[in-house]
Structures are given as structure tokens and as C-alpha cells.
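model-v5.cif follows; it contains mmCIF, N, CA and C atoms.
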```cif
data_model
loop_
_atom_site.label_atom_id
_atom_site.label_comp_id
_atom_site.auth_asym_id
_atom_site.auth_seq_id
_atom_site.Cartn_x
_atom_site.Cartn_y
_atom_site.Cartn_z
N GLN A 1 0.85 -1.20 0.00
CA GLN A 1 0.00 0.00 0.00
C GLN A 1 0.88 1.24 0.00
N VAL A 2 0.57 2.19 -0.86
CA VAL A 2 1.33 3.43 -0.93
C VAL A 2 0.72 4.42 0.05
N HIS A 3 1.56 4.93 0.94
CA HIS A 3 1.07 5.85 1.96
C HIS A 3 1.42 7.30 1.64
N VAL A 4 2.60 7.51 1.04
CA VAL A 4 3.00 8.87 0.69
C VAL A 4 3.66 8.86 -0.69
N VAL A 5 3.49 9.94 -1.42
CA VAL A 5 4.10 10.10 -2.73
C VAL A 5 4.69 11.50 -2.84
N GLU A 6 6.01 11.53 -3.02
CA GLU A 6 6.69 12.82 -3.18
C GLU A 6 6.75 13.21 -4.65
N SER A 7 6.72 14.50 -4.92
CA SER A 7 6.84 15.00 -6.28
C SER A 7 7.38 16.42 -6.26
N GLY A 8 7.73 16.90 -7.43
CA GLY A 8 8.15 18.29 -7.57
C GLY A 8 9.64 18.50 -7.75
N GLY A 9 10.41 17.44 -7.66
CA GLY A 9 11.85 17.59 -7.85
C GLY A 9 12.20 17.90 -9.29
N GLY A 10 13.47 18.17 -9.52
CA GLY A 10 13.92 18.47 -10.87
C GLY A 10 15.31 19.03 -10.88
N LEU A 11 15.68 19.55 -12.03
CA LEU A 11 17.00 20.15 -12.22
C LEU A 11 16.85 21.67 -12.29
N VAL A 12 17.58 22.38 -11.43
CA VAL A 12 17.54 23.83 -11.44
C VAL A 12 18.95 24.37 -11.32
N GLN A 13 19.11 25.62 -11.69
CA GLN A 13 20.41 26.27 -11.54
C GLN A 13 20.54 26.84 -10.13
N THR A 14 21.76 27.09 -9.75
CA THR A 14 22.02 27.74 -8.46
C THR A 14 21.22 29.03 -8.37
N GLY A 15 20.56 29.19 -7.21
CA GLY A 15 19.73 30.37 -7.01
C GLY A 15 18.27 30.17 -7.38
N GLY A 16 17.97 29.05 -8.00
CA GLY A 16 16.61 28.78 -8.43
C GLY A 16 15.73 28.27 -7.30
N SER A 17 14.49 27.97 -7.66
CA SER A 17 13.51 27.53 -6.67
C SER A 17 12.78 26.29 -7.16
N LEU A 18 12.34 25.51 -6.20
CA LEU A 18 11.48 24.35 -6.46
C LEU A 18 10.49 24.24 -5.32
N ARG A 19 9.36 23.64 -5.62
CA ARG A 19 8.37 23.36 -4.58
C ARG A 19 8.07 21.87 -4.59
N LEU A 20 8.39 21.21 -3.51
CA LEU A 20 8.12 19.79 -3.38
C LEU A 20 6.76 19.60 -2.73
N SER A 21 6.09 18.53 -3.14
CA SER A 21 4.81 18.17 -2.55
C SER A 21 4.85 16.72 -2.07
N CYS A 22 4.04 16.44 -1.07
CA CYS A 22 3.93 15.07 -0.55
C CYS A 22 2.45 14.78 -0.36
N ALA A 23 1.92 13.97 -1.25
CA ALA A 23 0.52 13.57 -1.13
C ALA A 23 0.45 12.32 -0.26
N THR A 24 -0.56 12.27 0.60
CA THR A 24 -0.65 11.15 1.53
C THR A 24 -1.97 10.41 1.41
N ALA A 25 -1.96 9.16 1.80
CA ALA A 25 -3.16 8.34 1.80
C ALA A 25 -3.99 8.63 3.05
N ARG A 26 -5.21 8.10 3.07
CA ARG A 26 -6.09 8.30 4.23
C ARG A 26 -5.54 7.68 5.49
N SER A 27 -4.61 6.76 5.33
CA SER A 27 -4.01 6.10 6.48
C SER A 27 -3.12 7.04 7.29
N ILE A 28 -2.74 8.15 6.70
CA ILE A 28 -1.85 9.10 7.36
C ILE A 28 -2.65 10.05 8.23
N SER A 29 -2.16 10.27 9.44
CA SER A 29 -2.87 11.13 10.39
C SER A 29 -2.49 12.59 10.19
N SER A 30 -3.49 13.46 10.13
CA SER A 30 -3.24 14.90 10.04
C SER A 30 -2.88 15.48 11.39
N LEU A 31 -2.95 14.66 12.44
CA LEU A 31 -2.65 15.13 13.79
C LEU A 31 -1.20 14.86 14.19
N LYS A 32 -0.44 14.23 13.31
CA LYS A 32 0.95 13.89 13.60
C LYS A 32 1.88 14.86 12.87
N PRO A 33 3.11 14.99 13.36
CA PRO A 33 4.07 15.83 12.65
C PRO A 33 4.43 15.22 11.29
N MET A 34 4.90 16.04 10.40
CA MET A 34 5.37 15.58 9.11
C MET A 34 6.76 16.18 8.87
N ARG A 35 7.56 15.48 8.11
CA ARG A 35 8.96 15.87 7.97
C ARG A 35 9.45 15.72 6.53
N TRP A 36 10.46 16.48 6.21
CA TRP A 36 11.22 16.28 4.98
C TRP A 36 12.65 15.90 5.36
N TYR A 37 13.12 14.83 4.74
CA TYR A 37 14.51 14.42 4.88
C TYR A 37 15.15 14.50 3.49
N ARG A 38 16.47 14.47 3.48
CA ARG A 38 17.18 14.34 2.21
C ARG A 38 18.39 13.45 2.39
N GLN A 39 18.77 12.83 1.29
CA GLN A 39 19.93 11.92 1.35
C GLN A 39 20.70 11.96 0.05
N THR A 40 22.02 11.98 0.18
CA THR A 40 22.90 11.87 -0.97
C THR A 40 23.75 10.63 -0.78
N PRO A 41 24.22 10.03 -1.85
CA PRO A 41 25.02 8.82 -1.74
C PRO A 41 26.25 9.03 -0.85
N GLY A 42 26.46 8.13 0.06
CA GLY A 42 27.63 8.19 0.92
C GLY A 42 27.48 9.10 2.12
N LYS A 43 26.33 9.75 2.24
CA LYS A 43 26.11 10.64 3.38
C LYS A 43 24.93 10.16 4.20
N GLN A 44 24.92 10.57 5.46
CA GLN A 44 23.79 10.24 6.32
C GLN A 44 22.55 11.00 5.89
N ARG A 45 21.42 10.38 6.16
CA ARG A 45 20.17 11.08 5.90
C ARG A 45 20.08 12.30 6.80
N GLU A 46 19.64 13.41 6.25
CA GLU A 46 19.56 14.67 6.98
C GLU A 46 18.11 15.11 7.13
N LEU A 47 17.72 15.45 8.34
CA LEU A 47 16.40 16.02 8.57
C LEU A 47 16.45 17.48 8.11
N VAL A 48 15.64 17.80 7.13
CA VAL A 48 15.64 19.13 6.55
C VAL A 48 14.69 20.06 7.29
N ALA A 49 13.46 19.58 7.51
CA ALA A 49 12.45 20.42 8.14
C ALA A 49 11.34 19.54 8.68
N SER A 50 10.66 20.04 9.69
CA SER A 50 9.51 19.33 10.24
C SER A 50 8.44 20.33 10.60
N ILE A 51 7.22 19.84 10.70
CA ILE A 51 6.09 20.69 11.03
C ILE A 51 5.08 19.88 11.84
N THR A 52 4.58 20.49 12.91
CA THR A 52 3.56 19.82 13.71
C THR A 52 2.19 20.05 13.08
N SER A 53 1.20 19.37 13.62
CA SER A 53 -0.16 19.56 13.11
C SER A 53 -0.63 20.99 13.34
N GLY A 54 -0.08 21.63 14.36
CA GLY A 54 -0.45 23.02 14.66
C GLY A 54 0.33 24.05 13.90
N GLY A 55 1.31 23.59 13.12
CA GLY A 55 2.05 24.52 12.27
C GLY A 55 3.39 24.96 12.81
N THR A 56 3.84 24.42 13.93
CA THR A 56 5.16 24.77 14.44
C THR A 56 6.23 24.10 13.58
N THR A 57 7.20 24.90 13.15
CA THR A 57 8.20 24.39 12.21
C THR A 57 9.60 24.42 12.80
N THR A 58 10.43 23.52 12.34
CA THR A 58 11.86 23.52 12.66
C THR A 58 12.63 23.23 11.38
N TYR A 59 13.85 23.75 11.31
CA TYR A 59 14.66 23.61 10.11
C TYR A 59 16.10 23.26 10.47
N ALA A 60 16.73 22.56 9.56
CA ALA A 60 18.16 22.36 9.68
C ALA A 60 18.85 23.71 9.45
N ASP A 61 19.95 23.92 10.13
CA ASP A 61 20.66 25.19 9.98
C ASP A 61 21.03 25.47 8.53
N SER A 62 21.30 24.42 7.79
CA SER A 62 21.75 24.57 6.41
C SER A 62 20.68 25.12 5.47
N VAL A 63 19.41 25.08 5.89
CA VAL A 63 18.33 25.54 5.00
C VAL A 63 17.53 26.70 5.58
N LYS A 64 17.84 27.08 6.81
CA LYS A 64 17.10 28.19 7.44
C LYS A 64 17.16 29.44 6.59
N GLY A 65 16.00 30.06 6.44
CA GLY A 65 15.94 31.29 5.66
C GLY A 65 15.77 31.06 4.17
N ARG A 66 15.92 29.82 3.73
CA ARG A 66 15.78 29.51 2.29
C ARG A 66 14.62 28.56 2.01
N PHE A 67 14.37 27.65 2.93
CA PHE A 67 13.31 26.66 2.74
C PHE A 67 12.14 26.97 3.66
N THR A 68 10.94 26.65 3.20
CA THR A 68 9.74 26.81 4.02
C THR A 68 8.89 25.55 3.93
N ILE A 69 8.63 24.95 5.07
CA ILE A 69 7.76 23.78 5.13
C ILE A 69 6.35 24.23 5.49
N SER A 70 5.37 23.60 4.86
CA SER A 70 3.98 23.92 5.17
C SER A 70 3.13 22.69 4.92
N ARG A 71 1.92 22.73 5.40
CA ARG A 71 1.02 21.59 5.21
C ARG A 71 -0.41 22.08 5.06
N ASP A 72 -1.16 21.33 4.31
CA ASP A 72 -2.60 21.55 4.16
C ASP A 72 -3.27 20.42 4.91
N ASN A 73 -3.74 20.70 6.12
CA ASN A 73 -4.30 19.64 6.96
C ASN A 73 -5.61 19.10 6.39
N ALA A 74 -6.35 19.92 5.69
CA ALA A 74 -7.61 19.45 5.11
C ALA A 74 -7.35 18.39 4.05
N LYS A 75 -6.32 18.61 3.25
CA LYS A 75 -5.98 17.66 2.19
C LYS A 75 -4.87 16.72 2.61
N ASN A 76 -4.27 17.00 3.76
CA ASN A 76 -3.15 16.21 4.27
C ASN A 76 -2.01 16.13 3.26
N ILE A 77 -1.63 17.29 2.77
CA ILE A 77 -0.52 17.40 1.83
C ILE A 77 0.58 18.22 2.49
N LEU A 78 1.80 17.77 2.31
CA LEU A 78 2.97 18.45 2.86
C LEU A 78 3.72 19.12 1.71
N TYR A 79 4.26 20.31 1.97
CA TYR A 79 5.01 21.04 0.96
C TYR A 79 6.39 21.43 1.50
N LEU A 80 7.28 21.66 0.57
CA LEU A 80 8.58 22.25 0.91
C LEU A 80 8.94 23.23 -0.20
N GLN A 81 8.86 24.50 0.12
CA GLN A 81 9.27 25.55 -0.81
C GLN A 81 10.76 25.78 -0.63
N MET A 82 11.51 25.62 -1.69
CA MET A 82 12.97 25.73 -1.63
C MET A 82 13.41 26.88 -2.52
N ASN A 83 13.98 27.89 -1.92
CA ASN A 83 14.47 29.06 -2.66
C ASN A 83 15.98 29.17 -2.50
N SER A 84 16.57 29.97 -3.35
CA SER A 84 18.03 30.20 -3.30
C SER A 84 18.79 28.89 -3.23
N LEU A 85 18.44 27.99 -4.09
CA LEU A 85 19.03 26.65 -4.04
C LEU A 85 20.52 26.68 -4.36
N LYS A 86 21.24 25.78 -3.70
CA LYS A 86 22.68 25.67 -3.84
C LYS A 86 23.02 24.26 -4.32
N PRO A 87 24.18 24.08 -4.93
CA PRO A 87 24.57 22.72 -5.35
C PRO A 87 24.56 21.72 -4.20
N GLU A 88 24.87 22.16 -3.00
CA GLU A 88 24.87 21.24 -1.86
C GLU A 88 23.47 20.81 -1.42
N ASP A 89 22.44 21.41 -2.00
CA ASP A 89 21.07 20.96 -1.74
C ASP A 89 20.71 19.75 -2.61
N THR A 90 21.57 19.41 -3.54
CA THR A 90 21.31 18.26 -4.41
C THR A 90 21.19 16.99 -3.57
N ALA A 91 20.06 16.29 -3.74
CA ALA A 91 19.79 15.10 -2.94
C ALA A 91 18.45 14.51 -3.38
N VAL A 92 18.17 13.34 -2.87
CA VAL A 92 16.82 12.80 -2.97
C VAL A 92 16.08 13.23 -1.72
N TYR A 93 14.93 13.83 -1.91
CA TYR A 93 14.15 14.35 -0.80
C TYR A 93 12.98 13.40 -0.51
N TYR A 94 12.84 13.08 0.77
CA TYR A 94 11.81 12.15 1.22
C TYR A 94 10.88 12.83 2.21
N CYS A 95 9.62 12.52 2.07
CA CYS A 95 8.61 12.96 3.03
C CYS A 95 8.41 11.83 4.04
N TRP A 96 8.25 12.20 5.29
CA TRP A 96 7.89 11.22 6.32
C TRP A 96 6.59 11.66 6.96
N ALA A 97 5.67 10.72 7.05
CA ALA A 97 4.39 10.99 7.68
C ALA A 97 4.00 9.78 8.52
N PHE A 98 3.05 9.97 9.43
CA PHE A 98 2.75 8.94 10.42
C PHE A 98 1.26 8.62 10.45
N ASN A 99 0.96 7.37 10.74
CA ASN A 99 -0.43 7.01 10.94
C ASN A 99 -0.81 7.24 12.41
N THR A 100 -2.01 6.90 12.77
CA THR A 100 -2.49 7.16 14.13
C THR A 100 -1.73 6.36 15.19
N TYR A 101 -1.04 5.32 14.77
CA TYR A 101 -0.25 4.51 15.69
C TYR A 101 1.20 4.95 15.72
N SER A 102 1.47 6.10 15.09
CA SER A 102 2.82 6.68 15.03
C SER A 102 3.81 5.81 14.26
N VAL A 103 3.31 4.99 13.37
CA VAL A 103 4.17 4.26 12.45
C VAL A 103 4.48 5.20 11.29
N GLY A 104 5.77 5.35 10.99
CA GLY A 104 6.18 6.29 9.97
C GLY A 104 6.27 5.66 8.58
N PHE A 105 5.98 6.47 7.56
CA PHE A 105 6.02 6.01 6.18
C PHE A 105 6.73 7.05 5.32
N SER A 106 7.41 6.54 4.33
CA SER A 106 8.07 7.41 3.36
C SER A 106 7.82 6.86 1.98
N GLY A 107 8.03 7.69 0.98
CA GLY A 107 7.82 7.24 -0.38
C GLY A 107 9.12 6.96 -1.10
N GLN A 108 9.07 7.04 -2.42
CA GLN A 108 10.25 6.76 -3.23
C GLN A 108 11.21 7.94 -3.28
N GLY A 109 10.73 9.08 -2.84
CA GLY A 109 11.57 10.26 -2.87
C GLY A 109 11.48 10.98 -4.20
N THR A 110 11.98 12.20 -4.22
CA THR A 110 12.03 12.99 -5.45
C THR A 110 13.42 13.62 -5.55
N GLN A 111 14.01 13.49 -6.72
CA GLN A 111 15.38 13.94 -6.91
C GLN A 111 15.43 15.45 -7.16
N VAL A 112 16.27 16.11 -6.41
CA VAL A 112 16.54 17.53 -6.63
C VAL A 112 18.01 17.67 -7.02
N THR A 113 18.25 18.29 -8.16
CA THR A 113 19.61 18.51 -8.63
C THR A 113 19.81 19.99 -8.91
N VAL A 114 20.81 20.56 -8.26
CA VAL A 114 21.11 21.98 -8.43
C VAL A 114 22.45 22.11 -9.13
N SER A 115 22.44 22.68 -10.30
CA SER A 115 23.67 22.82 -11.08
C SER A 115 24.37 24.13 -10.74
N SER A 116 25.70 24.09 -10.78
CA SER A 116 26.47 25.29 -10.44
C SER A 116 26.73 26.15 -11.67
#
```
Could I get this file's structure written as C-alpha cells?
Amino acid sequence: QVHVVESGGGLVQTGGSLRLSCATARSISSLKPMRWYRQTPGKQRELVASITSGGTTTYADSVKGRFTISRDNAKNILYLQMNSLKPEDTAVYYCWAFNTYSVGFSGQGTQVTVSS
């Protein structure tokens, strides 16, 4: 069963913008926090941003001031607006969401590539 599907990645130049989306199934709880992670080959997975059901957000220092996480609780969709992109933002970005039992789910990810 597919619980989350990430989309919106692509190839952009340095300084460009992308908006990632994460569509979720009905199994995902709108009352749980949602997160964006990213991973590049050979590196640890990095927590990029998180948001509670009430809208409280946290960001990795590396993206503060450039990325904005948001969610539509009615549709249970998670977003990540990424501005002023840098080559070091290149990664596969994954959405994490939770069901009512706090079991986490992620999708296939969406590739973001920033060219210098």
C-alpha cells in the first residue's frame, strides 16, 4: 500500500527555486508531525524540516531562511518551498508521515539537482 508520494523535484540552476509536494493516503494522520529528509550517496540522511499539526516548524541550519515547510491539513498534503538553491542541496528528498499509531512512512523520494 502506498502511503506517501513525493513530487516536484527536478534540475535547477544555483539560485533557483522548487516546490516539493507530498501527497498522503487516508491512512496518514493529520494530527501527527510531518517531515522532509534528504539523502545523498555516501552521506547520512539529513532532517531538513519538520512541522507539527499546529504549524510549528523547525529547520536544519543549512536551510534556514531559504526553505519553508507547510502543510494543508484538510488535504493532508505536505510542501517544501525551496528558494536560493545551492549545489549542496542536491539530494533525494523524502517525506515522512505517520499514521495514528505513530508508524512512519516514506515514499520513493524525489530527486533535486542543483547545477552550479
> Hey, what does DSSP flag as strand (DSSP E) within region 31-101 of chain A? Can you give it to me as a PyMOL selection string?
Replying inline: chain A and resi 34-39+46-51+57-59+67-72+77-82+91-98
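Between Tyr101 (chain A) and the candidates A:Val48, A:Ser70, A:Ser29, A:Ala60, the tightest atom-to-atom separation, counting only N, CA and C atoms, involves A:Ser29.
The closest residue to Asp72 (chain A), picked from A:Leu85, A:Gln1, A:Ser30, A:Tyr59 and counting all atoms listed in the file, is A:Ser30.
A straight line drawn from CA of Trp36 (chain A) to CA of Gly16 (chain A) is 19.1 Å long.
Proximity of A:Asn73, A:Ser102, A:Thr90, A:Thr110 to Thr14 (chain A), computed with only C-alpha atoms, is greatest for A:Thr90.
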> Between A:Leu20, A:Met34, A:Val4, A:Leu80, which is the closest to Trp96 (chain A) once you count all atoms listed in the file?
Replying inline: A:Met34
> Do you have the CA of Leu18 (chain A)-CA of Gly54 (chain A) distance handy?
Replying inline: 24.3 Å
If the PyMOL selection byres (((chain A and resi 40 and name CA) around 10) and name CA) is run on the structure shown, which residues does it catch, given as a PDB file with N, CA and C atoms, keeping the file's coordinate frame?
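What ended up in expr.pdb:
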```pdb
ATOM      1  N   ARG A  38      16.470  14.470   3.480  1.00  0.00           N
ATOM      2  CA  ARG A  38      17.180  14.340   2.210  1.00  0.00           C
ATOM      3  C   ARG A  38      18.390  13.450   2.390  1.00  0.00           C
ATOM      4  N   GLN A  39      18.770  12.830   1.290  1.00  0.00           N
ATOM      5  CA  GLN A  39      19.930  11.920   1.350  1.00  0.00           C
ATOM      6  C   GLN A  39      20.700  11.960   0.050  1.00  0.00           C
ATOM      7  N   PRO A  41      24.220  10.030  -1.850  1.00  0.00           N
ATOM      8  CA  PRO A  41      25.020   8.820  -1.740  1.00  0.00           C
ATOM      9  C   PRO A  41      26.250   9.030  -0.850  1.00  0.00           C
ATOM     10  N   GLY A  42      26.460   8.130   0.060  1.00  0.00           N
ATOM     11  CA  GLY A  42      27.630   8.190   0.920  1.00  0.00           C
ATOM     12  C   GLY A  42      27.480   9.100   2.120  1.00  0.00           C
ATOM     13  N   LYS A  43      26.330   9.750   2.240  1.00  0.00           N
ATOM     14  CA  LYS A  43      26.110  10.640   3.380  1.00  0.00           C
ATOM     15  C   LYS A  43      24.930  10.160   4.200  1.00  0.00           C
ATOM     16  N   GLN A  44      24.920  10.570   5.460  1.00  0.00           N
ATOM     17  CA  GLN A  44      23.790  10.240   6.320  1.00  0.00           C
ATOM     18  C   GLN A  44      22.550  11.000   5.890  1.00  0.00           C
ATOM     19  N   ARG A  45      21.420  10.380   6.160  1.00  0.00           N
ATOM     20  CA  ARG A  45      20.170  11.080   5.900  1.00  0.00           C
ATOM     21  C   ARG A  45      20.080  12.300   6.800  1.00  0.00           C
ATOM     22  N   GLU A  46      19.640  13.410   6.250  1.00  0.00           N
ATOM     23  CA  GLU A  46      19.560  14.670   6.980  1.00  0.00           C
ATOM     24  C   GLU A  46      18.110  15.110   7.130  1.00  0.00           C
ATOM     25  N   GLU A  88      24.870  22.160  -3.000  1.00  0.00           N
ATOM     26  CA  GLU A  88      24.870  21.240  -1.860  1.00  0.00           C
ATOM     27  C   GLU A  88      23.470  20.810  -1.420  1.00  0.00           C
ATOM     28  N   ASP A  89      22.440  21.410  -2.000  1.00  0.00           N
ATOM     29  CA  ASP A  89      21.070  20.960  -1.740  1.00  0.00           C
ATOM     30  C   ASP A  89      20.710  19.750  -2.610  1.00  0.00           C
ATOM     31  N   THR A  90      21.570  19.410  -3.540  1.00  0.00           N
ATOM     32  CA  THR A  90      21.310  18.260  -4.410  1.00  0.00           C
ATOM     33  C   THR A  90      21.190  16.990  -3.570  1.00  0.00           C
ATOM     34  N   ALA A  91      20.060  16.290  -3.740  1.00  0.00           N
ATOM     35  CA  ALA A  91      19.790  15.100  -2.940  1.00  0.00           C
ATOM     36  C   ALA A  91      18.450  14.510  -3.380  1.00  0.00           C
ATOM     37  N   VAL A  92      18.170  13.340  -2.870  1.00  0.00           N
ATOM     38  CA  VAL A  92      16.820  12.800  -2.970  1.00  0.00           C
ATOM     39  C   VAL A  92      16.080  13.230  -1.720  1.00  0.00           C
ATOM     40  N   TYR A  93      14.930  13.830  -1.910  1.00  0.00           N
ATOM     41  CA  TYR A  93      14.150  14.350  -0.800  1.00  0.00           C
ATOM     42  C   TYR A  93      12.980  13.400  -0.510  1.00  0.00           C
ATOM     43  N   GLN A 111      14.010  13.490  -6.720  1.00  0.00           N
ATOM     44  CA  GLN A 111      15.380  13.940  -6.910  1.00  0.00           C
ATOM     45  C   GLN A 111      15.430  15.450  -7.160  1.00  0.00           C
TER      46      GLN A 111
END
```
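The nearest approach to Arg26 (chain A) among the residues A:Thr113, A:Thr58, A:Val2, A:Gln81, with all atoms listed in the file taken into account, belongs to A:Val2.
Straight-line separation from atom N of Ala25 (chain A) to CA of Phe67 (chain A): 23.2 Å.
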> Closest to Thr52 (chain A) among A:Lys64, A:Arg19, A:Lys75, A:Lys32, using all atoms listed in the file?
Replying inline: A:Lys32
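Residues lying within 6.5 Å of Ser17 (chain A), counting all atoms listed in the file and ignoring same-chain neighbours fewer than 4 positions away, are Val12, Met82, Asn83, Ser84 and Leu85 of chain A.
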>> Give me the residues near Gly107 (chain A) as an NGL selection string, where near means some atom within 6 Å (using only N, CA and C atoms) and where sequence neighbours in that chain fewer than 4 positions away do not count.
In response: :A and (4-6 or 94-95)
Some atoms are missing, so please complete region 53-70 of chain A with N, CA, C and O atoms and return it as a short mmCIF file (atom, residue, chain, number, x, y, z; two decimals), keeping the file's coordinate frame.
```cif
data_model
loop_
_atom_site.label_atom_id
_atom_site.label_comp_id
_atom_site.auth_asym_id
_atom_site.auth_seq_id
_atom_site.Cartn_x
_atom_site.Cartn_y
_atom_site.Cartn_z
N SER A 53 1.20 19.37 13.62
CA SER A 53 -0.16 19.56 13.11
C SER A 53 -0.63 20.99 13.34
O SER A 53 -1.46 21.51 12.59
N GLY A 54 -0.08 21.63 14.36
CA GLY A 54 -0.45 23.02 14.66
C GLY A 54 0.33 24.05 13.90
O GLY A 54 0.07 25.25 14.03
N GLY A 55 1.31 23.59 13.12
CA GLY A 55 2.05 24.52 12.27
C GLY A 55 3.39 24.96 12.81
O GLY A 55 4.06 25.80 12.19
N THR A 56 3.84 24.42 13.93
CA THR A 56 5.16 24.77 14.44
C THR A 56 6.23 24.10 13.58
O THR A 56 6.15 22.91 13.30
N THR A 57 7.20 24.90 13.15
CA THR A 57 8.20 24.39 12.21
C THR A 57 9.60 24.42 12.80
O THR A 57 9.91 25.25 13.67
N THR A 58 10.43 23.52 12.34
CA THR A 58 11.86 23.52 12.66
C THR A 58 12.63 23.23 11.38
O THR A 58 12.11 22.55 10.49
N TYR A 59 13.85 23.75 11.31
CA TYR A 59 14.66 23.61 10.11
C TYR A 59 16.10 23.26 10.47
O TYR A 59 16.61 23.66 11.51
N ALA A 60 16.73 22.56 9.56
CA ALA A 60 18.16 22.36 9.68
C ALA A 60 18.85 23.71 9.45
O ALA A 60 18.35 24.54 8.68
N ASP A 61 19.95 23.92 10.13
CA ASP A 61 20.66 25.19 9.98
C ASP A 61 21.03 25.47 8.53
O ASP A 61 21.05 26.62 8.09
N SER A 62 21.30 24.42 7.79
CA SER A 62 21.75 24.57 6.41
C SER A 62 20.68 25.12 5.47
O SER A 62 20.99 25.58 4.37
N VAL A 63 19.41 25.08 5.89
CA VAL A 63 18.33 25.54 5.00
C VAL A 63 17.53 26.70 5.58
O VAL A 63 16.64 27.23 4.91
N LYS A 64 17.84 27.08 6.81
CA LYS A 64 17.10 28.19 7.44
C LYS A 64 17.16 29.44 6.59
O LYS A 64 18.22 29.82 6.11
N GLY A 65 16.00 30.06 6.44
CA GLY A 65 15.94 31.29 5.66
C GLY A 65 15.77 31.06 4.17
O GLY A 65 15.49 32.00 3.42
N ARG A 66 15.92 29.82 3.73
CA ARG A 66 15.78 29.51 2.29
C ARG A 66 14.62 28.56 2.01
O ARG A 66 13.98 28.67 0.96
N PHE A 67 14.37 27.65 2.93
CA PHE A 67 13.31 26.66 2.74
C PHE A 67 12.14 26.97 3.66
O PHE A 67 12.33 27.46 4.79
N THR A 68 10.94 26.65 3.20
CA THR A 68 9.74 26.81 4.02
C THR A 68 8.89 25.55 3.93
O THR A 68 8.50 25.15 2.83
N ILE A 69 8.63 24.95 5.07
CA ILE A 69 7.76 23.78 5.13
C ILE A 69 6.35 24.23 5.49
O ILE A 69 6.17 25.14 6.29
N SER A 70 5.37 23.60 4.86
CA SER A 70 3.98 23.92 5.17
C SER A 70 3.13 22.69 4.92
O SER A 70 3.58 21.73 4.29
#
```
